[in-house]
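Visitor: Let me give you the structure first, and then I'll get to my questions.
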There are 2 protein chains.
Amino acid sequence: MRNLGFPRLALLLFLSSFPLMNSQLVPAQDASSLALMPMPAHVSQGEGQFVIDGSFGIAFQGYTEPRLDRAEERFLDRLSSETGIPLWREAQYNQAKFTVRAAGPSDAVQQLDEDESYHLEVTTSHVELTAPNPLGVLHGLQTFLQLVHITPQGFAAPVVTIDDKPRFPWRGLMIDSGRHFMPIPVIKRNLDGMEAVKMDVFHWHLSEDQGFRAESKVYPLLQEKGSDGLFYTQQQIRDVIEYARDRGIRVVAEFDMPCHTTSWFVGYPDLASAKGPFQIERNWGVFSPAMDPTRESTYAFIDRFIGEMAELFPDRYFHIGGDECNGKEWDANPRIQAYMREHGLKNNAALQAYFTGRVEKLVEGHHKIMEGWDEVLQPNTPKDVVIQSWRGPTALAAAARQGNRALLSNGYYIDLNQPASEHYLVDPLGGDAASLTPEQAKRILGGEATMWSEFVTPENIDSRIWPRTAAIAERLWSPADVRDVASMYARLGVVSQRLQYLGLKHESVTPLMLERMSGEENLKALSVLASVVQPPEGYEREELKDYNAWSPLNHMVDAVSPESETARKFSDLAKLIAAGKASPDQLQQARTSLTLWRDNDAKLQPTLGRSDLTEELKPVSANLSQVAAIGLEALDNLENHSAMSSDAKQKNLAILKNAEKPQAVLRLMVVQPIELLVQSTAKQ
Amino acid sequence: MRNLGFPRLALLLFLSSFPLMNSQLVPAQDASSLALMPMPAHVSQGEGQFVIDGSFGIAFQGYTEPRLDRAEERFLDRLSSETGIPLWREAQYNQAKFTVRAAGPSDAVQQLDEDESYHLEVTTSHVELTAPNPLGVLHGLQTFLQLVHITPQGFAAPVVTIDDKPRFPWRGLMIDSGRHFMPIPVIKRNLDGMEAVKMDVFHWHLSEDQGFRAESKVYPLLQEKGSDGLFYTQQQIRDVIEYARDRGIRVVAEFDMPCHTTSWFVGYPDLASAKGPFQIERNWGVFSPAMDPTRESTYAFIDRFIGEMAELFPDRYFHIGGDECNGKEWDANPRIQAYMREHGLKNNAALQAYFTGRVEKLVEGHHKIMEGWDEVLQPNTPKDVVIQSWRGPTALAAAARQGNRALLSNGYYIDLNQPASEHYLVDPLGGDAASLTPEQAKRILGGEATMWSEFVTPENIDSRIWPRTAAIAERLWSPADVRDVASMYARLGVVSQRLQYLGLKHESVTPLMLERMSGEENLKALSVLASVVQPPEGYEREELKDYNAWSPLNHMVDAVSPESETARKFSDLAKLIAAGKASPDQLQQARTSLTLWRDNDAKLQPTLGRSDLTEELKPVSANLSQVAAIGLEALDNLENHSAMSSDAKQKNLAILKNAEKPQAVLRLMVVQPIELLVQSTAKQ
């Protein structure tokens with residue numbers, strides 16, 4: 001679901017309940033010497049290291065199954081990618097220096113409450129991984145892969161003993177395939193990414209006003225009329241489910257109802273509360289089409305449909321959405337109004353509750369447990385229904401108090417371009433949930449990062465998901481007290497680099513898009529600009545410009561990372577300088593950056609007019625130059641302990657204030673730290 | 001085949017027959033305004049451009065077939081990738097501004113002599129592509145994709161009329177899956193690359209001493225014992241063939257015999273001329289194992305095997321290799337010696353000719369035309385046998401004079417790390433072949449780039465194939481007089497960028513490998529070094545260090561491009577400076593580069609010892625710094641019209657001579673241009 005109303009305020013209120021983020025500067029090298037993410041529950045590091053060379057071998061002992069064979073093969077492939085050392089299964093003359101032992105099988109269909117623990121022991125001569133079942137083995141293999149790094153002796157893992165298990169059992173990533181269709185390779189590489197950071201639920205948002213994306217054989221017009229030909233066949237879906245299971249990931253399908261259903265109605269207008277015909281929605285937002293909750297034929301349809309999907313998706317949980325009904329079609333339909341009066345349904349919320357209650361029984365009839373967004377929670381909601389909270393910790397806690405299990409997505413909306421640190425500090429047991437009784441707290445299952453897809457395409461979606469989702473994965477796996485932001489960022493850089501070996505394009509997409517955008521061979525100056533801008537946060541993007549399903553997402557805002565590493569580091573530097581704690585090296589570093597930015601516009605400006613897509617960057621580039629010059633002036637003052645005239649200061653602050661405003665749907669992220677520098681100069 | 005004897009000399013002799021390469025500096029922008037590669041036979045450019053926006057539509061009229069449907073879908077995908085504009089087939093409300101018309105079908109199995117021509121007309125309002133058959137359509141669509149570029153009005157193709165057809169019908173790329181196995185995705189993305197530059201033959205080298213890579217159901221021990229589990233199933237092969245056909249590419253399988261066959265003998269030792277048992281070969285080179293040409297059982301085996309493969313691979317041509325027999329096993333086997341005496345086979349060449357003659361009949365019996373390397377050509381070789389020449393133009397011409405058709409690979413050995421310009425200027429009708437009669441010249445079918453795989457892995461193979469193979473593709477497609485090197489390089493840069501949209505990793509692999517190698521976050525200094533080094537040319541690499549199938553290919557030499565663009569451009573600059581023709585801007589450019597290189601070592605050196613893989617770069621980095629300092633000294637002299645003392649000059653030249661020697665299996669490519677600068681300073 002997507003709140004288009006008062007989300008930013010809600011978000012800010014929510015975030016303000018957390019302490020200020022830790023901005024200590026920890027040397028990257030220390031923190032990343034054990035660049036594990038999520039950080040295991042217990043790590044104890046010893047002396048020395050286990051060196052990986054061509055003689056490396058692995059042996060799976062004890063319980064085995066085809067999934068573990070494939071895990072072995074994937075592990076060797078991956079280790080080979082991470083090192084460049086050829087390792088393959090059938091060509092091992094080698095001693096098995098790495099032994100793996102699973103005690104027994106996992107459940108045939110992965111369950112929410114399965115044991116995911118493992119024990120990993122690395123010595124200088126061998127490695128041992130043991131786990132109660134294959135899930136733990138999968139997690140332990142990923143931990144080992146993260147331990148490997150280059151040393152003067154070659155690739156090696158440090159001597160270490162790890163006992164690990166997750167804090168929460170539900171650690172999810174939702175991908176919205178409805179608004180922008182995401183082809184199978186996109187889904188698969190993101191499942192690989194999820195495995196790498198030990199996430200275990202892929203929530204597949206498969207229907208939206210803008211598209212119905214799963215093949216139904218019972219109701220084929222769903223995809224035939226509702227998808228522009230962009231849908232997953234049942235065979236592809238089965239393949240994804242198997243792919244996910246191989247990686248210890250459950251696949252929870254969501255078919256959003258009774259609203260967000262325009263695409264269903266193109267082929268089946270009788271389901272709707274208004275008269276058709278309907279067309280696939282091409283705009284973004286909340287729309288009026290809604291199923292008709294008052295006709296038995298609606299439930300007959302849903303019953304058969306859920307029956308088909310319940311068979312296709314083996315997971316115990318089935319997500320029926322249930323969010324964001326504006327009720328307009330219900331209000332406008334006299335027959336529905338009459339039905340409501342007749343049945344004592346006082347308002348639209350009551351009508352939806354009636355609908356949800358009926359659907360819940362259908363879901364149960366197909367041996368599934370229903371899941372839904374906040375809205376499905378009603379006083380009489382059966383206790384086994386799982387609530388996914390987009391509204392926030394208060395709603396989350398309310399569900400748990402009422403006896404329902406719940407998971408948090410508010411705060412994990414990765415489409416909103418917040419920094420990793422903000423997501424990282426959101427805790428499913430924080431805010432209102434902190435006051436739950438232990439029994440109630442147990443009902444908080446975990447959380448899910450949600451990748452809504454208005455503003456992503458298959459090309460750049462990875463860059464919105466990664467690496468920030470790894471920080472959320474750590475929140476959901478690691479002990480609650482693992483919350484040092486500086487350590488998180490130091491490790492996140494390493495994790496991000498490693499994720500590239502899985503084919504994820506979060507880092508490689510930027511230069512490719514810059515090249516396309518500019519048509520220039522030399523991208524240096526454009527890259528400098530790209531490195532300090534970010535997309536707007538929250539829902540500001542749609543306020544700045546009109547977008548719909550046809551809008552090309554090929555501008556600078558689509559090419560850059562949601563979080564500028566350059567700006568983040570410069571901001572840390574500015575804080576040190578402002579506090580008078582910067583070393584001469586750090587001062588020089590700041591000066592070098594500011595000089596680069598000040599001088600960049602002269603190089604970049606002449607090329608920007610050559611492309612329709614870079615033309616809009618002219619004022620952004622000019623702004624960067626101007627604010628950097630102000631930054632240098634402030635730095636001079638600070639270094640010389642001289643003062644900036646109060647006129648100059650005022651003028652500069654006004655310029656900075658102005659440069660903070662989005663231009664070309666971009667935020668210039670170095671303005672605030674420069675403001676800080678100016679503010680901290682002495683007054684004349 | 002791989003000549004490990006006297007290839008460099010032969011190569012040099014061959015290349016010396018060409019005029020000096022054109023080193024004129026053409027402004028990249030002019031040349032790349034029509035960045036087509038291969039350059040069409042006839043292009044006439046008009047005024048204005050055809051703008052591509054969301055209203056773009058395409059309509060296929062006239063003859064159609066499922067392959068053209070898929071071509072349409074692929075074209076829209078690709079155009080969407082190149083522009084970032086959403087375009088898909090079923091969602092077109094749009095007018096078809098691009099109409100495509102094929103007159104009729106192609107052959108069911110693509111033939112060597114099919115018409116590949118097309119006519120493409122771009123006006124400001126519409127585009128028309130017509131062709132006799134789908135092959136021409138496929139080519140024309142690729143040409144259009146190359147025409148598209150960003151402009152101040154958005155993405156657009158210039159107004160242009162193109163009449164195009166290839167000069168040679170056989171434009172191949174060979175990939176050696178024997179020495180290093182290349183997974184299916186590697187093959188597929190390279191087929192995409194081939195389509196983009198209009199190559200039409202994928203020559204799949206499927207068996208080697210080091211591995212047998214195709215599944216045989218008749219003789220399953222071939223892959224079971226001979227592949228380390230790394231082979232293609234028949235289903236995968238069929239899939240690749242279909243994938244290739246969709247792209248207008250024939251798939252010619254090669255099963256090399258009677259030598260390069262160790263891997264066959266692991267499962268079937270009775271085929272060999274020596275007593276087994278055999279093991280998969282782990283070293284590189286020419287080895288002794290050879291089939292026994294004197295036993296009928298050998299031919300019975302080959303007959304059944306070819307029968308099976310002839311059915312699997314529908315192409316008319318079947319490659320039996322036939323190269324590099326050292327004859328040692330034949331010499332050592334008394335039974336074979338007796339047979340040779342008995343049958344009047346004077347020497348091993350005669351024995352092999354006898355073998356080849358027998359095999360040729362078997363190939364013919366399965367309705368295929370035999371192809372083989374130079375060695376298979378004997379006085380009595382049937383005239384339809386096609387000769388692939390690795391030996392050079394003399395051997396190629398000899399084949400044509402004898403009445404056989406032939407194609408050139410000598411000069412197109414892309415594993416040898418020669419610059420694109422050298423491959424580009426090799427002409428199948430150059431050298432000895434220039435004196436062929438028109439009738440004989442017609443027998444020269446074209447050529448093939450050969451990607452032998454001793455020194456490539458699935459990770460870096462793209463960087464050895466692309467973009468240089470595009471220059472070879474142009475040689476084989478475009479008119480003979482299209483041979484301006486500067487224009488080629490200007491267009492090659494654009495083509496290289498575009499090839500990335502196909503998932504080819506030739507550009508993205510370098511930073512990834514540098515990161516892995518160093519483990520450092522900041523790769524600037526390492527990248528500066530990487531940008532000016534190249535792998536050794538020809539067969540020098542194996543002389544510098546021992547390698548075998550287990551050697552990790554994860555060093556700097558494996559990470560960098562075979563042709564340093566930075567060094568090539570600096571070399572052009574140095575020539576201008578030496579000739580006194582450099583502008584002040586160009587002099588400044590040279591100074592900036594030299595300064596960067598001189599100062600790089602101080603930044604890089606402290607980090608190199610932290611990794612086993614960068615340790616070896618210490619002297620390379622030091623050399624770069626030292627030679628750059630000499631370059632700056634020379635530049636000072638040249639700019640001030642001052643002299644370098646003859647002592648200093650001598651000393652500098654000695655240092656430079658020394659720095660030319662490979663270090664860490666790397667050549668420092670800026671040494672020679674700096675030498676030129678020093679040489680051109682005035683003497684004192």
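In the structure tokens, chains take letters A, B, ... by order of appearance, with residues numbered from 1 within each chain and ligands from 1 in the order shown.
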Contacts of range 407-422 of chain B at 6 Å or less, counting only C-alpha atoms, minus same-chain residues fewer than 6 places along, as a list in words?
Guide: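 The residues that qualify are Gln388, Ser389, Trp390, Arg391, Gly392, Pro428, Ile444, Leu445, Gly446, Gly447, Glu448, Ala449, Thr450, Met451, Trp452, Arg468, Glu537, Gly538, Pro562 and Glu563 of chain B.
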Visitor: Save the residues we just selected, N, CA and C atoms, as a PDB file, in the first residue's frame?
Guide:
```
ATOM      1  N   GLN B 388      39.561 -23.736 -42.685  1.00  0.00           N
ATOM      2  CA  GLN B 388      39.688 -22.565 -41.805  1.00  0.00           C
ATOM      3  C   GLN B 388      41.170 -22.344 -41.567  1.00  0.00           C
ATOM      4  N   SER B 389      41.657 -21.219 -41.995  1.00  0.00           N
ATOM      5  CA  SER B 389      43.098 -21.016 -41.982  1.00  0.00           C
ATOM      6  C   SER B 389      43.587 -20.293 -40.735  1.00  0.00           C
ATOM      7  N   TRP B 390      44.340 -21.028 -39.910  1.00  0.00           N
ATOM      8  CA  TRP B 390      45.005 -20.396 -38.777  1.00  0.00           C
ATOM      9  C   TRP B 390      46.431 -20.058 -39.154  1.00  0.00           C
ATOM     10  N   ARG B 391      46.901 -20.621 -40.300  1.00  0.00           N
ATOM     11  CA  ARG B 391      48.302 -20.438 -40.653  1.00  0.00           C
ATOM     12  C   ARG B 391      48.542 -19.115 -41.366  1.00  0.00           C
ATOM     13  N   GLY B 392      47.544 -18.651 -42.099  1.00  0.00           N
ATOM     14  CA  GLY B 392      47.730 -17.345 -42.710  1.00  0.00           C
ATOM     15  C   GLY B 392      47.294 -17.288 -44.155  1.00  0.00           C
ATOM     16  N   PRO B 428      40.678 -10.712 -45.474  1.00  0.00           N
ATOM     17  CA  PRO B 428      40.696 -12.075 -46.019  1.00  0.00           C
ATOM     18  C   PRO B 428      41.200 -12.108 -47.460  1.00  0.00           C
ATOM     19  N   ILE B 444      36.858 -17.485 -51.078  1.00  0.00           N
ATOM     20  CA  ILE B 444      37.181 -16.967 -49.732  1.00  0.00           C
ATOM     21  C   ILE B 444      35.864 -16.510 -49.098  1.00  0.00           C
ATOM     22  N   LEU B 445      35.436 -17.268 -48.126  1.00  0.00           N
ATOM     23  CA  LEU B 445      34.085 -17.066 -47.587  1.00  0.00           C
ATOM     24  C   LEU B 445      34.009 -15.948 -46.551  1.00  0.00           C
ATOM     25  N   GLY B 446      35.150 -15.627 -45.962  1.00  0.00           N
ATOM     26  CA  GLY B 446      35.131 -14.614 -44.913  1.00  0.00           C
ATOM     27  C   GLY B 446      36.161 -14.939 -43.848  1.00  0.00           C
ATOM     28  N   GLY B 447      35.759 -14.838 -42.604  1.00  0.00           N
ATOM     29  CA  GLY B 447      36.723 -15.080 -41.541  1.00  0.00           C
ATOM     30  C   GLY B 447      36.041 -15.318 -40.201  1.00  0.00           C
ATOM     31  N   GLU B 448      36.874 -15.629 -39.248  1.00  0.00           N
ATOM     32  CA  GLU B 448      36.363 -15.886 -37.898  1.00  0.00           C
ATOM     33  C   GLU B 448      37.331 -15.375 -36.844  1.00  0.00           C
ATOM     34  N   ALA B 449      36.810 -14.610 -35.903  1.00  0.00           N
ATOM     35  CA  ALA B 449      37.576 -14.265 -34.707  1.00  0.00           C
ATOM     36  C   ALA B 449      37.601 -15.510 -33.818  1.00  0.00           C
ATOM     37  N   THR B 450      38.761 -15.814 -33.264  1.00  0.00           N
ATOM     38  CA  THR B 450      38.864 -17.036 -32.457  1.00  0.00           C
ATOM     39  C   THR B 450      39.227 -16.701 -31.018  1.00  0.00           C
ATOM     40  N   MET B 451      38.355 -17.108 -30.129  1.00  0.00           N
ATOM     41  CA  MET B 451      38.544 -16.843 -28.700  1.00  0.00           C
ATOM     42  C   MET B 451      38.990 -18.129 -28.011  1.00  0.00           C
ATOM     43  N   TRP B 452      40.290 -18.410 -28.089  1.00  0.00           N
ATOM     44  CA  TRP B 452      40.843 -19.554 -27.353  1.00  0.00           C
ATOM     45  C   TRP B 452      40.836 -19.218 -25.869  1.00  0.00           C
ATOM     46  N   ARG B 468      36.803  -5.412 -29.448  1.00  0.00           N
ATOM     47  CA  ARG B 468      37.678  -5.582 -30.623  1.00  0.00           C
ATOM     48  C   ARG B 468      37.038  -6.406 -31.745  1.00  0.00           C
ATOM     49  N   GLU B 537      51.374  -9.425 -25.486  1.00  0.00           N
ATOM     50  CA  GLU B 537      50.796  -9.795 -26.782  1.00  0.00           C
ATOM     51  C   GLU B 537      51.251 -11.181 -27.201  1.00  0.00           C
ATOM     52  N   GLY B 538      50.503 -11.781 -28.102  1.00  0.00           N
ATOM     53  CA  GLY B 538      50.906 -13.062 -28.685  1.00  0.00           C
ATOM     54  C   GLY B 538      50.993 -14.148 -27.629  1.00  0.00           C
ATOM     55  N   PRO B 562      42.471  -5.775 -23.056  1.00  0.00           N
ATOM     56  CA  PRO B 562      43.630  -6.128 -23.889  1.00  0.00           C
ATOM     57  C   PRO B 562      44.203  -4.917 -24.625  1.00  0.00           C
ATOM     58  N   GLU B 563      43.439  -3.851 -24.648  1.00  0.00           N
ATOM     59  CA  GLU B 563      43.927  -2.660 -25.354  1.00  0.00           C
ATOM     60  C   GLU B 563      43.610  -1.440 -24.515  1.00  0.00           C
TER      61      GLU B 563
END
```
Visitor: I'd like to know which residues of range 84-184 of chain A are helix (DSSP H, G or I) (by DSSP, run on the backbone); could you write them as a list of chain:residue names?
Guide: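 Taking range 84-184 of chain A and keeping helix (DSSP H, G or I) gives A:Arg89, A:Glu90, A:Ala91, A:Pro134, A:Leu135, A:Gly136, A:Val137, A:Leu138, A:His139, A:Gly140, A:Leu141, A:Gln142, A:Thr143, A:Phe144, A:Leu145, A:Gln146, A:Leu147, A:Ile184.
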Visitor: Please list as a PyMOL selection string every residue within 9 Å of range 242-246 of chain A, counting only C-alpha atoms and excluding residues in the same chain fewer than 2 positions away.
Guide: chain A and resi 67-68+70-71+109-110+138+188+191-192+195+200-202+237-240+248-251
Visitor: Kindly export the residues of the current selection with C-alpha atoms, as a JSON list (two decimals), in the first residue's frame.
Guide:
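Contents of out08.json, freshly written:
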```json
[["chain", "number", "residue", "atom", "x", "y", "z"],
["A", 67, "ARG", "CA", 18.72, -28.68, -2.11],
["A", 68, "LEU", "CA", 21.95, -29.06, -0.18],
["A", 70, "ARG", "CA", 22.66, -27.27, -5.10],
["A", 71, "ALA", "CA", 23.68, -25.15, -2.12],
["A", 109, "VAL", "CA", 7.20, -26.33, 2.89],
["A", 110, "GLN", "CA", 9.26, -23.82, 4.82],
["A", 138, "LEU", "CA", 22.26, -21.99, 4.10],
["A", 188, "LYS", "CA", 15.89, -14.03, -9.09],
["A", 191, "LEU", "CA", 16.32, -13.47, -4.16],
["A", 192, "ASP", "CA", 20.07, -14.06, -4.34],
["A", 195, "GLU", "CA", 19.83, -15.03, 0.70],
["A", 200, "ASP", "CA", 13.52, -15.35, 4.48],
["A", 201, "VAL", "CA", 10.28, -13.97, 3.03],
["A", 202, "PHE", "CA", 9.75, -12.76, -0.51],
["A", 237, "ILE", "CA", 6.07, -18.74, -10.67],
["A", 238, "ARG", "CA", 6.73, -22.36, -9.70],
["A", 239, "ASP", "CA", 10.30, -21.87, -10.80],
["A", 240, "VAL", "CA", 10.70, -18.75, -8.65],
["A", 248, "GLY", "CA", 15.70, -20.57, 2.47],
["A", 249, "ILE", "CA", 13.10, -18.05, 1.36],
["A", 250, "ARG", "CA", 9.32, -18.37, 1.56],
["A", 251, "VAL", "CA", 7.22, -16.81, -1.19]]
```
Visitor: Report as an NGL selection string all protein, DNA and RNA residues lying within 7 Å of Lys505 in chain B, evaluated on only C-alpha atoms, omitting residues in the same chain fewer than 5 positions from it.
Guide: :B and (462-463 or 500)
Visitor: Specify as an MDAnalysis selection string all residues of chain A found within 9 Å of chain B, counting only C-alpha atoms.
Guide: chainID A and resid 54 81:91 149:155 227:230 459 493:494 497:498 500:501 508 512:513 515:519 521 549:555 609:615
Visitor: So that I can see what lies close to Asp209 in chain A, please list as a PyMOL selection string the residues with an atom at most 12 Å from it, counting only C-alpha atoms and leaving out residues fewer than 3 positions away in the same chain.
Guide: chain A and resi 1+176-180+205-206+212-213+222+226-227+255-266+278-291+324+454+549
Visitor: Choose the residue, out of B:Glu633, B:Glu660, B:Asp647, B:Asp292, that has the smallest atom-to-atom separation from Ala274 in chain B; count only C-alpha atoms.
Guide: B:Asp292
Visitor: Hey, what's within 7 Å of Asp164 in chain A if we count only C-alpha atoms and toss same-chain stuff fewer than 5 positions away? As a list of chain:residue names, please?
Guide: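 Residues near the query, excluding close chain neighbours: A:Pro40, A:Ala41, A:His42, A:Ser117, A:Tyr118, A:His119.
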Visitor: Calculate how many Å separate CA of Pro66 in chain B from CA of His139 in chain B, rounding to one decimal.
Guide: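 Pair CA of Pro66 in chain B / CA of His139 in chain B returns 16.8 Å.
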Visitor: What lies within 12 Å of range 43-45 of chain A using only C-alpha atoms, ignoring chain neighbours under 5 positions off, as an NGL selection string?
Guide: :A and (33-34 or 36 or 38 or 119-123 or 143 or 147 or 157-165 or 478-479)
Visitor: Would you work out the distance separating CA of Lys651 in chain B from CA of Leu638 in chain B, expressed in Å to one decimal?
Guide: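 It comes out at 17.8 Å.
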Visitor: One number please: CA of Ala156 in chain B to CA of Ile52 in chain B, in Å, one decimal.
Guide: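 Atom-to-atom, CA of Ala156 in chain B to CA of Ile52 in chain B, that is 5.4 Å.
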